[in-house]
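Since the structure comes first, as structure tokens, the remarks are kept for the end.
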Amino acid sequence: MISTFANPLKFMNATRWVGPVLLGLAVITLGVGIYIGLFIAPADYRQGDAARIMFIHVPAAMMCMGVYSFMVSASISSLIWKHALADIAGKSAAPIGTVFTAICLITGSLWGKPIWDTWWEWDARLTSVLILFFLYLGYMAIWSAFETQQKAARAAAILCMVGAVNIPIIKWSVEWWTTLHQKASIRLADDWREKLSKPSEIIHSELPEPFLSPLLTVLVGYGLLFGALVIMNMRAEIYARRAEVLIQRRYAEEDED
Amino acid sequence: MQKQNMAEGVLLPLFFRELKLAWSGGGGAALPVGFYAGAATLTPLALGPATDLLQAAGPGVLFISLALASLLPMERLFQADLEDGTLDVLASSGASMTGIALSKTLAHWMASGLPLALVAPLLWVMLQGPGEAVLIVLGISLLGGLAFFFIGSIGAALTAGVRRGGLLIALVALPLYAPATIFGASALYAAAEGRDWTGSMALCGACALVAIALGPFASGAALKTALD
Amino acid sequence: MQKQNMAEGVLLPLFFRELKLAWSGGGGAALPVGFYAGAATLTPLALGPATDLLQAAGPGVLFISLALASLLPMERLFQADLEDGTLDVLASSGASMTGIALSKTLAHWMASGLPLALVAPLLWVMLQGPGEAVLIVLGISLLGGLAFFFIGSIGAALTAGVRRGGLLIALVALPLYAPATIFGASALYAAAEGRDWTGSMALCGACALVAIALGPFASGAALKTALD
Amino acid sequence: MVNLLNVSKISASRGYRTLFRDLSFSASTGDILELRGENGSGKSTLLRILAGLTRAESGSLKYEIEGDVSSLKFPVHFLGHQDGIKAQESVEDQMIFWARFFQADKAEIRPALERVGLWKRRDVPGRGLSAGQRRRLSLARLLITYRPIWLLDEPLAALDVKGQEIVKELIAKHTSEGGVVVAAMHGHGFENAKVIEVKPFSKKIKTIPTNSLENA
Amino acid sequence: MVNLLNVSKISASRGYRTLFRDLSFSASTGDILELRGENGSGKSTLLRILAGLTRAESGSLKYEIEGDVSSLKFPVHFLGHQDGIKAQESVEDQMIFWARFFQADKAEIRPALERVGLWKRRDVPGRGLSAGQRRRLSLARLLITYRPIWLLDEPLAALDVKGQEIVKELIAKHTSEGGVVVAAMHGHGFENAKVIEVKPFSKKIKTIPTNSLENA
Ligand code: HEM
Ligand SMILES: Nc1ncnc2c1ncn2[C@@H]1O[C@H](COP(=O)(O)OP(=O)(O)OP(=O)(O)O)[C@@H](O)[C@H]1O
Ligand SMILES: Nc1ncnc2c1ncn2[C@@H]1O[C@H](COP(=O)(O)OP(=O)(O)OP(=O)(O)O)[C@@H](O)[C@H]1O
Ligand SMILES: [Mg+2]
Ligand SMILES: [Mg+2]
């Protein structure tokens, strides 16, 4: 398994079909989850249909942090083992994470208008997610600013690791500062280790069951989508670098004529 | 042949030289101070002379100006040495990059961060802040400046020798400035309104500590890349 | 051997090249924009989320940030060309220094002043300014930016190649920024409160005109001295 | 033969030191003048004075050019220690700028770059150029538009053997077309060159610049 | 005789171009290595690799120094095209900084500056130095503290005849004391030097960096 991800050749062979397959699964899961969320789940008794935006917003919010954490681990392995695939994984994940963050911000604003009567508030959680968005942008900007891939990879990895301090801030901002945004209601149950045999009870939620299951379905769908897109991005990047090596050869030959 | 003790051999001479160069020109230590003072002087002109608005906006404006002024010297922090070859000599001498980054950042903080903090009480009074709080303002500005300089130096090192360095520094560093800005400004407001400012100030100090502890390592690693 | 027509021969190519360099890196055109946006984003963090305070302070903060952001590219406006020898070649070709100063300043205004004006309406809305006024904000920022850039370029030329250039620019330019700041900010406040903004805006425009008319001559003369 | 360049009795000093005093010389079509002297004797300073960049302390300087160059205030190409190469711009783009600036034909760019051996590296950004390649790029700038007087500061520095050959040929061609070359040099020089020694003035003469307050 | 420096099979490329491949050489006490090659062939790049500033694409590099230098990560003096001279600092102040940085005795400064002929100009700020004087100042830096390996990029550039003599003597002295000198050179070289040709790799060899993704 490890060697599959350490060797570009094996990676390319192993993932030829993984991308499309994951993509198909993601479309199905997302379709089901969103359908249940928008049409089958009951309307919230206080917020009405506005609450349905939750099924997009909450999983996207979870994903934007998850993707960043993925990039942090890619950066660590890139700096320690100096492996090209780890660089490529981080680089490929960034745009996807940016989009999840944007979805979280946009759906949050849309939701905020009816509930808080404002599109935007300088609340701790909202602000820290905005900062995450800027961090994603900075990460991608660093990648494009350097002339050589190796340099860019190292600089981007350093930035990614420094930015990691923002993740716990997002996660716990609602606990540390009493603000507008609501606190976490979905988390691992305190005694989740003992419940491993009963998967349905690992997750402790204050949300009623009809809200929870579509939400988790969309989350799984997002996860599959992320997996599919990362793998496809990585393959594209590897092809692009191969093309670069071919150009290099051309230049070398032209020089000698 | 002498033995090279890294702590003394690199840190101190580099620190003192940076300090001297920053003031004797080129290093641009004075720009932030002029900028900070300018910002605070223009504020009453732009906001109008109404005292209550000034009092309400003053602490916030002061702290933002501090953050932005601290960002200014960052563009040239490592770039000048990179361009003129000084960094080549420093690095090929076997000195640790972390040490180089640390002494340069500290020297620049001494050269511009300290003066920034020292003029802060003055500007505070100009912006109609209560006179009793000047010492607290000084303390908060010291801590905030440390955080801003050490965070900024990461951005500076990451973007040294890169096209479009300027925007990149702002893009990379400003998001990381946010926590220190929030805590610092809220401590200033608390001081202005006579509330308890210790909690926010402690958090601002924590930001500074984290920045000092992590910054030089990140900057050093980034500088190695820039030389390559 | 072609005849060298100064208007075309110097102004246009230099203008376009500066514009390109400013964006493709080194020229630092992007720093002011990032800085401006950063300043406006940090403002609510520092002032706190209270909408009425933001609305009261917003226009003033916006215009000061514009003035300060315009000051940023000034330090390197002529210094880079002076240091790398480009100015030697330009000057020894017989081109007029006034023309050189004019095209460089105009190019930098296009590269950073224009984007600054374009993002101003966005930041205006973020700082809770009334949406109807965005076009006025754009206009005032355009005029203010022109004034700031052409006044700043005098400071830049005077201090190019001088020790402690940074502080000097701030010292020379900021006092000259005061009239444009006062008129521009008061026009913004008028627009925010639905009062008549035309008078202040006209005065701000007058500042810009004077700056454009006199700036290049002063800068050109100062540059000649810097080369010597 | 026409005197293109007349220099009479110019002096220069830097800091508290007089570099040279009352230097006079002239150059007519086809001349190569070699400025020679120790490090720090003032060759670069003299070239900057000739290029109109620095003011001489005293003395006069006159260019006498015939023909269609009256609108050129300074009919010179100046190549200094500092080469004015932008780190982020490619070789070709830099040449395009100079071609436009000197109102030269863009078609001149390719031959000029080929002449100095940089055409194949036209895509390399300024920061990627080696020391010799930078020098070659500066030389290419002189080739896109004709100016009768070339002021060159150590034109052979950093060049490899082939590059030095190229410069010598370029200079021979320029002078054979009626141009003048003034070059600061160390080491081997050009054929048929007139040597001008740039020396610190003799110890006996006291340093009292004519416009000094000391006379007051 | 000890091998101070062992270089085996290093390669470097820039942009899309491979500069050199699988270059191997070694140097033992007293050796002078001259790097030779056309402009842009990669001499400066190779020196930067030897100085630990740039990473080689592949290959290995080893310094074997005996004695009390174990705490030196890199027992080298590096003198590049860029000279690290600060415009606003005087010659003497710059030397004082380097002396402290290298933990050398301050008493070494005067003899070093006298050796390169700059002692009388010790008050001149960096921006006032002529091209040759800058070079001399960089050389003086090597003299204040002993390091066995000198990496010099075109040490004779910009120097006048006397200056070139001085460099040759300094190098002869350094090697006679057991040091090693690696110098990138054009034109006349040093006596008893080993020449290392830095050449673009031949067409026959294909460019496949070992860690390339192309193998995938
Ligand atoms: C732009 C504005 C907003 C942003 C950036 C934002 C961001 C976030 C983030 C980062 C999470 C954390 C997910 C996790 O803990 O894993 C979250 C969760 C959540 N948000 Fe928002 N949010 C915004 C607006 C809103 C609004 C207006 C509401 C509705 C009142 C809302 C309701 C929720 C809910 C119910 C959760 C799930 C909390 C849980 O059960 O763990 N959000 N949001
Ligand atoms: N501020 C100053 N104080 C004293 N001397 C100065 C000052 N500025 C410049 N100088 C001197 O002026 C001279 C400038 O010389 P210049 O650059 O013209 O020499 P050069 O003949 O071109 O030398 P090289 O062969 O090394 O290029 C130097 O000797 C320098 O020391
Ligand atoms: N981005 C790039 N794209 C293509 N080629 C590049 C790039 N950056 C650098 N190069 C090439 O790398 C080489 C660097 O060479 P280096 O400076 O080591 O040469 P050198 O042997 O020292 O030459 P010189 O004798 O002129 O000093 C040059 O040929 C340059 O064109
Ligand atoms: Mg010279
Ligand atoms: Mg070289």
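Each chain in the structure tokens gets a letter, A, B, ..., in the order shown, and its residues are numbered from 1; ligands are numbered from 1 in order too.
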
Give the residue list for ligand 2 at 7 Å, counting only C-alpha atoms and all ligand atoms, as a list of chain:residue names, sorted by chain and then by residue number. D:Arg14, D:Gly15, D:Tyr16, D:Arg17, D:Leu19, D:Gly37, D:Glu38, D:Asn39, D:Gly40, D:Ser41, D:Gly42, D:Lys43, D:Ser44, D:Thr45, D:Leu46, E:Arg121, E:Asp123, E:Val124, E:Pro125, E:Arg127, E:Gly128, E:Leu129, E:Ser130, E:Ala131, E:Gly132, E:Gln133, E:Ala158, E:Leu159, E:Asp160

If you run DSSP on the backbone here, which positions in stretch 2-216 of chain D get helix (DSSP H, G or I)? Please write them as a compact mmCIF listing (two decimals) with N, CA, C and O atoms, in the first residue's frame.
# COMPACT_ATOMS: atom_id res chain seq x y z
N LYS D 43 38.32 55.76 -14.21
CA LYS D 43 37.90 55.47 -15.58
C LYS D 43 36.38 55.45 -15.70
O LYS D 43 35.80 56.06 -16.60
N SER D 44 35.74 54.75 -14.77
CA SER D 44 34.27 54.68 -14.84
C SER D 44 33.66 56.06 -14.64
O SER D 44 32.69 56.42 -15.31
N THR D 45 34.25 56.82 -13.75
CA THR D 45 33.75 58.17 -13.52
C THR D 45 33.86 58.99 -14.80
O THR D 45 32.91 59.69 -15.19
N LEU D 46 34.99 58.89 -15.47
CA LEU D 46 35.17 59.63 -16.72
C LEU D 46 34.12 59.21 -17.75
O LEU D 46 33.52 60.06 -18.43
N LEU D 47 33.89 57.92 -17.87
CA LEU D 47 32.89 57.46 -18.84
C LEU D 47 31.51 58.01 -18.50
O LEU D 47 30.75 58.39 -19.40
N ARG D 48 31.18 58.05 -17.23
CA ARG D 48 29.87 58.58 -16.85
C ARG D 48 29.78 60.07 -17.17
O ARG D 48 28.72 60.57 -17.53
N ILE D 49 30.91 60.76 -17.05
CA ILE D 49 30.90 62.18 -17.43
C ILE D 49 30.67 62.30 -18.94
O ILE D 49 29.84 63.09 -19.40
N LEU D 50 31.37 61.47 -19.71
CA LEU D 50 31.20 61.52 -21.15
C LEU D 50 29.77 61.20 -21.56
O LEU D 50 29.25 61.71 -22.54
N VAL D 91 15.18 37.44 -22.02
CA VAL D 91 16.14 38.09 -22.90
C VAL D 91 15.44 38.77 -24.06
O VAL D 91 15.67 39.95 -24.36
N GLU D 92 14.55 38.06 -24.70
CA GLU D 92 13.91 38.63 -25.88
C GLU D 92 13.05 39.84 -25.52
O GLU D 92 13.08 40.86 -26.21
N ASP D 93 12.30 39.73 -24.44
CA ASP D 93 11.43 40.85 -24.04
C ASP D 93 12.24 42.10 -23.71
O ASP D 93 11.82 43.22 -24.01
N GLN D 94 13.40 41.91 -23.09
CA GLN D 94 14.21 43.07 -22.78
C GLN D 94 14.66 43.75 -24.06
O GLN D 94 14.67 44.97 -24.18
N MET D 95 15.04 42.92 -25.05
CA MET D 95 15.48 43.49 -26.32
C MET D 95 14.31 44.21 -27.01
O MET D 95 14.50 45.25 -27.64
N ILE D 96 13.13 43.64 -26.92
CA ILE D 96 11.97 44.29 -27.55
C ILE D 96 11.77 45.67 -26.94
O ILE D 96 11.53 46.65 -27.65
N PHE D 97 11.90 45.74 -25.61
CA PHE D 97 11.74 47.05 -24.99
C PHE D 97 12.77 48.04 -25.52
O PHE D 97 12.44 49.16 -25.92
N TRP D 98 14.04 47.62 -25.53
CA TRP D 98 15.07 48.58 -25.97
C TRP D 98 14.87 48.96 -27.42
O TRP D 98 15.11 50.12 -27.81
N ALA D 99 14.45 48.02 -28.24
CA ALA D 99 14.20 48.34 -29.64
C ALA D 99 13.13 49.42 -29.75
O ALA D 99 13.27 50.39 -30.50
N ARG D 100 12.06 49.29 -28.98
CA ARG D 100 11.03 50.31 -29.03
C ARG D 100 11.53 51.62 -28.48
O ARG D 100 11.26 52.69 -29.01
N PHE D 101 12.27 51.54 -27.39
CA PHE D 101 12.73 52.76 -26.76
C PHE D 101 13.64 53.54 -27.70
O PHE D 101 13.53 54.75 -27.83
N LYS D 106 12.09 46.17 -35.06
CA LYS D 106 12.11 44.93 -34.29
C LYS D 106 12.88 43.83 -35.00
O LYS D 106 13.37 42.90 -34.36
N ALA D 107 12.96 43.95 -36.30
CA ALA D 107 13.67 42.92 -37.07
C ALA D 107 15.15 42.89 -36.72
O ALA D 107 15.85 41.92 -37.01
N GLU D 108 15.65 43.96 -36.08
CA GLU D 108 17.06 44.00 -35.71
C GLU D 108 17.36 43.10 -34.52
O GLU D 108 18.53 42.81 -34.24
N ILE D 109 16.33 42.71 -33.80
CA ILE D 109 16.57 41.99 -32.56
C ILE D 109 17.22 40.64 -32.79
O ILE D 109 18.23 40.30 -32.17
N ARG D 110 16.64 39.89 -33.71
CA ARG D 110 17.18 38.55 -33.92
C ARG D 110 18.64 38.57 -34.35
O ARG D 110 19.47 37.88 -33.75
N PRO D 111 19.00 39.36 -35.39
CA PRO D 111 20.43 39.39 -35.74
C PRO D 111 21.32 39.82 -34.59
O PRO D 111 22.41 39.25 -34.40
N ALA D 112 20.86 40.79 -33.82
CA ALA D 112 21.70 41.25 -32.71
C ALA D 112 21.92 40.13 -31.71
O ALA D 112 23.05 39.88 -31.27
N LEU D 113 20.85 39.42 -31.34
CA LEU D 113 21.00 38.34 -30.37
C LEU D 113 21.83 37.20 -30.95
O LEU D 113 22.61 36.56 -30.23
N GLU D 114 21.67 36.95 -32.24
CA GLU D 114 22.47 35.89 -32.84
C GLU D 114 23.94 36.28 -32.84
O GLU D 114 24.82 35.45 -32.59
N ARG D 115 24.21 37.55 -33.08
CA ARG D 115 25.59 38.03 -33.12
C ARG D 115 26.30 37.79 -31.79
O ARG D 115 27.46 37.39 -31.76
N TRP D 119 20.65 34.05 -29.04
CA TRP D 119 19.34 33.80 -29.63
C TRP D 119 18.71 32.53 -29.09
O TRP D 119 17.52 32.48 -28.84
N LYS D 120 19.53 31.52 -28.88
CA LYS D 120 18.96 30.26 -28.37
C LYS D 120 18.54 30.37 -26.92
O LYS D 120 17.82 29.51 -26.42
N ARG D 121 19.03 31.38 -26.23
CA ARG D 121 18.64 31.56 -24.83
C ARG D 121 17.63 32.70 -24.69
O ARG D 121 17.53 33.29 -23.61
N GLY D 126 16.10 37.27 -17.00
CA GLY D 126 17.33 37.95 -16.64
C GLY D 126 18.05 37.30 -15.47
O GLY D 126 19.26 37.17 -15.48
N ARG D 127 17.30 36.85 -14.45
CA ARG D 127 17.98 36.30 -13.29
C ARG D 127 18.66 35.00 -13.59
O ARG D 127 19.53 34.57 -12.83
N GLY D 128 18.29 34.33 -14.69
CA GLY D 128 18.91 33.05 -15.02
C GLY D 128 20.19 33.19 -15.82
O GLY D 128 20.88 32.21 -16.03
N ALA D 131 27.06 35.42 -15.80
CA ALA D 131 27.73 36.73 -15.86
C ALA D 131 28.06 37.10 -17.30
O ALA D 131 27.83 38.23 -17.74
N GLY D 132 28.61 36.15 -18.04
CA GLY D 132 28.99 36.44 -19.42
C GLY D 132 27.77 36.70 -20.30
O GLY D 132 27.79 37.56 -21.18
N GLN D 133 26.71 35.96 -20.04
CA GLN D 133 25.49 36.16 -20.83
C GLN D 133 24.89 37.53 -20.58
O GLN D 133 24.34 38.15 -21.50
N ARG D 134 24.98 38.01 -19.36
CA ARG D 134 24.48 39.36 -19.07
C ARG D 134 25.23 40.39 -19.89
O ARG D 134 24.65 41.29 -20.47
N ARG D 135 26.55 40.21 -19.92
CA ARG D 135 27.38 41.13 -20.68
C ARG D 135 27.00 41.10 -22.15
O ARG D 135 26.92 42.12 -22.82
N ARG D 136 26.77 39.90 -22.65
CA ARG D 136 26.41 39.76 -24.06
C ARG D 136 25.08 40.45 -24.34
O ARG D 136 24.90 41.08 -25.39
N LEU D 137 24.15 40.32 -23.42
CA LEU D 137 22.85 40.96 -23.63
C LEU D 137 23.01 42.48 -23.68
O LEU D 137 22.40 43.16 -24.51
N SER D 138 23.85 43.02 -22.78
CA SER D 138 24.06 44.47 -22.82
C SER D 138 24.66 44.89 -24.15
O SER D 138 24.33 45.94 -24.70
N LEU D 139 25.57 44.07 -24.66
CA LEU D 139 26.19 44.40 -25.94
C LEU D 139 25.16 44.38 -27.06
O LEU D 139 25.18 45.23 -27.96
N ALA D 140 24.25 43.42 -26.99
CA ALA D 140 23.24 43.31 -28.05
C ALA D 140 22.44 44.60 -28.15
O ALA D 140 21.98 44.98 -29.22
N ARG D 141 22.27 45.27 -27.01
CA ARG D 141 21.51 46.52 -27.00
C ARG D 141 22.15 47.56 -27.91
O ARG D 141 21.47 48.38 -28.51
N LEU D 142 23.49 47.54 -27.99
CA LEU D 142 24.16 48.54 -28.81
C LEU D 142 23.94 48.29 -30.30
O LEU D 142 24.14 49.17 -31.12
N LEU D 143 23.57 47.05 -30.63
CA LEU D 143 23.52 46.69 -32.04
C LEU D 143 22.19 46.99 -32.70
O LEU D 143 22.09 47.01 -33.92
N VAL D 161 36.51 33.37 -24.27
CA VAL D 161 37.41 33.74 -25.37
C VAL D 161 36.62 34.10 -26.62
O VAL D 161 36.89 35.11 -27.29
N LYS D 162 35.60 33.29 -26.90
CA LYS D 162 34.80 33.57 -28.09
C LYS D 162 34.10 34.91 -27.96
O LYS D 162 34.04 35.71 -28.89
N GLY D 163 33.57 35.17 -26.76
CA GLY D 163 32.87 36.43 -26.53
C GLY D 163 33.79 37.62 -26.71
O GLY D 163 33.41 38.64 -27.30
N GLN D 164 35.05 37.50 -26.26
CA GLN D 164 35.98 38.61 -26.41
C GLN D 164 36.27 38.86 -27.89
O GLN D 164 36.38 40.00 -28.33
N GLU D 165 36.38 37.75 -28.64
CA GLU D 165 36.57 37.88 -30.09
C GLU D 165 35.42 38.69 -30.70
O GLU D 165 35.62 39.59 -31.51
N ILE D 166 34.20 38.32 -30.30
CA ILE D 166 33.03 38.98 -30.85
C ILE D 166 33.09 40.48 -30.59
O ILE D 166 32.87 41.30 -31.48
N VAL D 167 33.39 40.84 -29.35
CA VAL D 167 33.46 42.27 -29.01
C VAL D 167 34.49 42.97 -29.87
O VAL D 167 34.25 44.06 -30.41
N LYS D 168 35.65 42.33 -30.02
CA LYS D 168 36.68 42.99 -30.82
C LYS D 168 36.20 43.20 -32.25
O LYS D 168 36.41 44.26 -32.84
N GLU D 169 35.52 42.20 -32.80
CA GLU D 169 35.01 42.36 -34.16
C GLU D 169 33.97 43.47 -34.24
O GLU D 169 33.96 44.28 -35.16
N LEU D 170 33.07 43.50 -33.23
CA LEU D 170 32.03 44.53 -33.24
C LEU D 170 32.65 45.92 -33.21
O LEU D 170 32.21 46.83 -33.93
N ILE D 171 33.67 46.06 -32.39
CA ILE D 171 34.30 47.37 -32.26
C ILE D 171 35.02 47.74 -33.55
O ILE D 171 34.91 48.87 -34.04
N ALA D 172 35.70 46.77 -34.14
CA ALA D 172 36.39 47.04 -35.41
C ALA D 172 35.36 47.48 -36.45
O ALA D 172 35.57 48.44 -37.20
N LYS D 173 34.24 46.79 -36.50
CA LYS D 173 33.22 47.13 -37.49
C LYS D 173 32.69 48.53 -37.24
O LYS D 173 32.54 49.34 -38.17
N HIS D 174 32.41 48.83 -35.97
CA HIS D 174 31.84 50.14 -35.63
C HIS D 174 32.78 51.27 -36.03
O HIS D 174 32.36 52.26 -36.64
N THR D 175 34.05 51.11 -35.73
CA THR D 175 34.98 52.19 -36.08
C THR D 175 35.16 52.26 -37.59
O THR D 175 35.29 53.35 -38.15
N SER D 176 35.14 51.12 -38.24
CA SER D 176 35.32 51.17 -39.70
C SER D 176 34.14 51.86 -40.37
O SER D 176 34.25 52.38 -41.46
N LEU D 213 34.77 77.05 -1.94
CA LEU D 213 34.53 78.17 -1.03
C LEU D 213 35.84 78.71 -0.47
O LEU D 213 35.92 79.79 0.05
N GLU D 214 36.85 77.85 -0.62
CA GLU D 214 38.14 78.23 -0.05
C GLU D 214 38.67 79.51 -0.69
O GLU D 214 39.38 80.27 -0.06
N ASN D 215 38.32 79.73 -1.97
CA ASN D 215 38.77 80.95 -2.65
C ASN D 215 38.06 82.19 -2.16
O ASN D 215 38.50 83.30 -2.40

DSSP on the backbone: what in stretch 31-154 of chain E comes out strand (DSSP E), as a ChimeraX atom specification? /E:32-36,58-63,76-79,149-153

Write out the residues from the selection above, keeping N, CA, C and O atoms, as a JSON list (two decimals), in the first residue's frame.
[["chain", "number", "residue", "atom", "x", "y", "z"],
["E", 32, "ILE", "N", 45.24, 23.55, -7.14],
["E", 32, "ILE", "CA", 44.42, 24.62, -7.71],
["E", 32, "ILE", "C", 43.61, 24.00, -8.84],
["E", 32, "ILE", "O", 44.17, 23.42, -9.77],
["E", 33, "LEU", "N", 42.30, 24.07, -8.74],
["E", 33, "LEU", "CA", 41.46, 23.56, -9.82],
["E", 33, "LEU", "C", 40.90, 24.75, -10.59],
["E", 33, "LEU", "O", 40.32, 25.66, -10.00],
["E", 34, "GLU", "N", 41.07, 24.74, -11.90],
["E", 34, "GLU", "CA", 40.48, 25.79, -12.71],
["E", 34, "GLU", "C", 39.25, 25.26, -13.42],
["E", 34, "GLU", "O", 39.35, 24.31, -14.21],
["E", 35, "LEU", "N", 38.10, 25.85, -13.17],
["E", 35, "LEU", "CA", 36.90, 25.47, -13.92],
["E", 35, "LEU", "C", 36.89, 26.30, -15.19],
["E", 35, "LEU", "O", 36.98, 27.52, -15.16],
["E", 36, "ARG", "N", 36.80, 25.61, -16.32],
["E", 36, "ARG", "CA", 36.79, 26.35, -17.57],
["E", 36, "ARG", "C", 35.62, 25.92, -18.44],
["E", 36, "ARG", "O", 35.16, 24.79, -18.38],
["E", 58, "SER", "N", 21.93, 15.35, -8.81],
["E", 58, "SER", "CA", 22.30, 14.01, -8.36],
["E", 58, "SER", "C", 23.79, 14.03, -8.09],
["E", 58, "SER", "O", 24.48, 14.99, -8.42],
["E", 59, "GLY", "N", 24.30, 12.97, -7.51],
["E", 59, "GLY", "CA", 25.72, 12.90, -7.23],
["E", 59, "GLY", "C", 26.03, 13.27, -5.79],
["E", 59, "GLY", "O", 25.14, 13.65, -5.03],
["E", 60, "SER", "N", 27.30, 13.14, -5.43],
["E", 60, "SER", "CA", 27.64, 13.41, -4.03],
["E", 60, "SER", "C", 28.88, 14.28, -3.93],
["E", 60, "SER", "O", 29.67, 14.39, -4.86],
["E", 61, "LEU", "N", 29.01, 14.89, -2.79],
["E", 61, "LEU", "CA", 30.01, 15.92, -2.56],
["E", 61, "LEU", "C", 30.51, 15.73, -1.15],
["E", 61, "LEU", "O", 29.72, 15.63, -0.21],
["E", 62, "LYS", "N", 31.84, 15.61, -0.97],
["E", 62, "LYS", "CA", 32.34, 15.38, 0.38],
["E", 62, "LYS", "C", 33.57, 16.21, 0.70],
["E", 62, "LYS", "O", 34.49, 16.28, -0.10],
["E", 63, "TYR", "N", 33.54, 16.85, 1.86],
["E", 63, "TYR", "CA", 34.73, 17.54, 2.34],
["E", 63, "TYR", "C", 35.39, 16.69, 3.41],
["E", 63, "TYR", "O", 34.70, 16.22, 4.32],
["E", 76, "VAL", "N", 34.62, 26.36, 3.88],
["E", 76, "VAL", "CA", 34.96, 27.05, 2.65],
["E", 76, "VAL", "C", 34.84, 28.55, 2.79],
["E", 76, "VAL", "O", 34.14, 29.07, 3.66],
["E", 77, "HIS", "N", 35.56, 29.23, 1.91],
["E", 77, "HIS", "CA", 35.30, 30.64, 1.64],
["E", 77, "HIS", "C", 34.71, 30.72, 0.24],
["E", 77, "HIS", "O", 35.28, 30.15, -0.70],
["E", 78, "PHE", "N", 33.61, 31.42, 0.10],
["E", 78, "PHE", "CA", 32.97, 31.51, -1.20],
["E", 78, "PHE", "C", 33.00, 32.95, -1.69],
["E", 78, "PHE", "O", 32.64, 33.87, -0.96],
["E", 79, "LEU", "N", 33.46, 33.13, -2.92],
["E", 79, "LEU", "CA", 33.51, 34.49, -3.50],
["E", 79, "LEU", "C", 32.79, 34.42, -4.84],
["E", 79, "LEU", "O", 33.31, 33.87, -5.82],
["E", 149, "ILE", "N", 39.36, 25.65, 2.11],
["E", 149, "ILE", "CA", 38.94, 25.59, 0.70],
["E", 149, "ILE", "C", 38.41, 26.93, 0.24],
["E", 149, "ILE", "O", 37.51, 27.50, 0.87],
["E", 150, "TRP", "N", 38.97, 27.43, -0.84],
["E", 150, "TRP", "CA", 38.50, 28.69, -1.42],
["E", 150, "TRP", "C", 37.76, 28.40, -2.71],
["E", 150, "TRP", "O", 38.30, 27.74, -3.60],
["E", 151, "LEU", "N", 36.55, 28.90, -2.80],
["E", 151, "LEU", "CA", 35.77, 28.76, -4.04],
["E", 151, "LEU", "C", 35.64, 30.15, -4.65],
["E", 151, "LEU", "O", 34.96, 31.00, -4.10],
["E", 152, "LEU", "N", 36.29, 30.37, -5.78],
["E", 152, "LEU", "CA", 36.36, 31.73, -6.32],
["E", 152, "LEU", "C", 35.74, 31.79, -7.71],
["E", 152, "LEU", "O", 36.11, 31.02, -8.60],
["E", 153, "ASP", "N", 34.82, 32.69, -7.89],
["E", 153, "ASP", "CA", 34.19, 32.84, -9.20],
["E", 153, "ASP", "C", 34.84, 34.02, -9.93],
["E", 153, "ASP", "O", 34.64, 35.17, -9.55]]

Which of these residues is nearest to chain E, using only C-alpha atoms: A:Val218, A:Glu147, A:Pro210, A:Ile88? A:Glu147

Quick one: residues within 7 Å of A:Thr29, only C-alpha atoms counted, chain neighbours fewer than 4 positions away excluded, as a PDB file with N, CA and C atoms, in the first residue's frame?
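Output file out12.pdb follows:
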ATOM      1  N   LEU A  25     -19.425   6.931  -7.693  1.00  0.00           N
ATOM      2  CA  LEU A  25     -19.988   6.708  -6.360  1.00  0.00           C
ATOM      3  C   LEU A  25     -20.362   8.029  -5.708  1.00  0.00           C
ATOM      4  N   GLY A  33     -28.164  11.885  -0.926  1.00  0.00           N
ATOM      5  CA  GLY A  33     -28.116  12.697   0.288  1.00  0.00           C
ATOM      6  C   GLY A  33     -28.841  14.008   0.105  1.00  0.00           C
ATOM      7  N   THR A 217     -24.766  11.464   4.861  1.00  0.00           N
ATOM      8  CA  THR A 217     -24.680  10.952   3.492  1.00  0.00           C
ATOM      9  C   THR A 217     -23.973  11.961   2.586  1.00  0.00           C
ATOM     10  N   VAL A 218     -24.352  13.231   2.721  1.00  0.00           N
ATOM     11  CA  VAL A 218     -23.694  14.251   1.896  1.00  0.00           C
ATOM     12  C   VAL A 218     -22.214  14.316   2.241  1.00  0.00           C
ATOM     13  N   GLY A 221     -20.514  11.656   0.532  1.00  0.00           N
ATOM     14  CA  GLY A 221     -20.463  12.007  -0.888  1.00  0.00           C
ATOM     15  C   GLY A 221     -19.352  12.997  -1.174  1.00  0.00           C
TER      16      GLY A 221
END
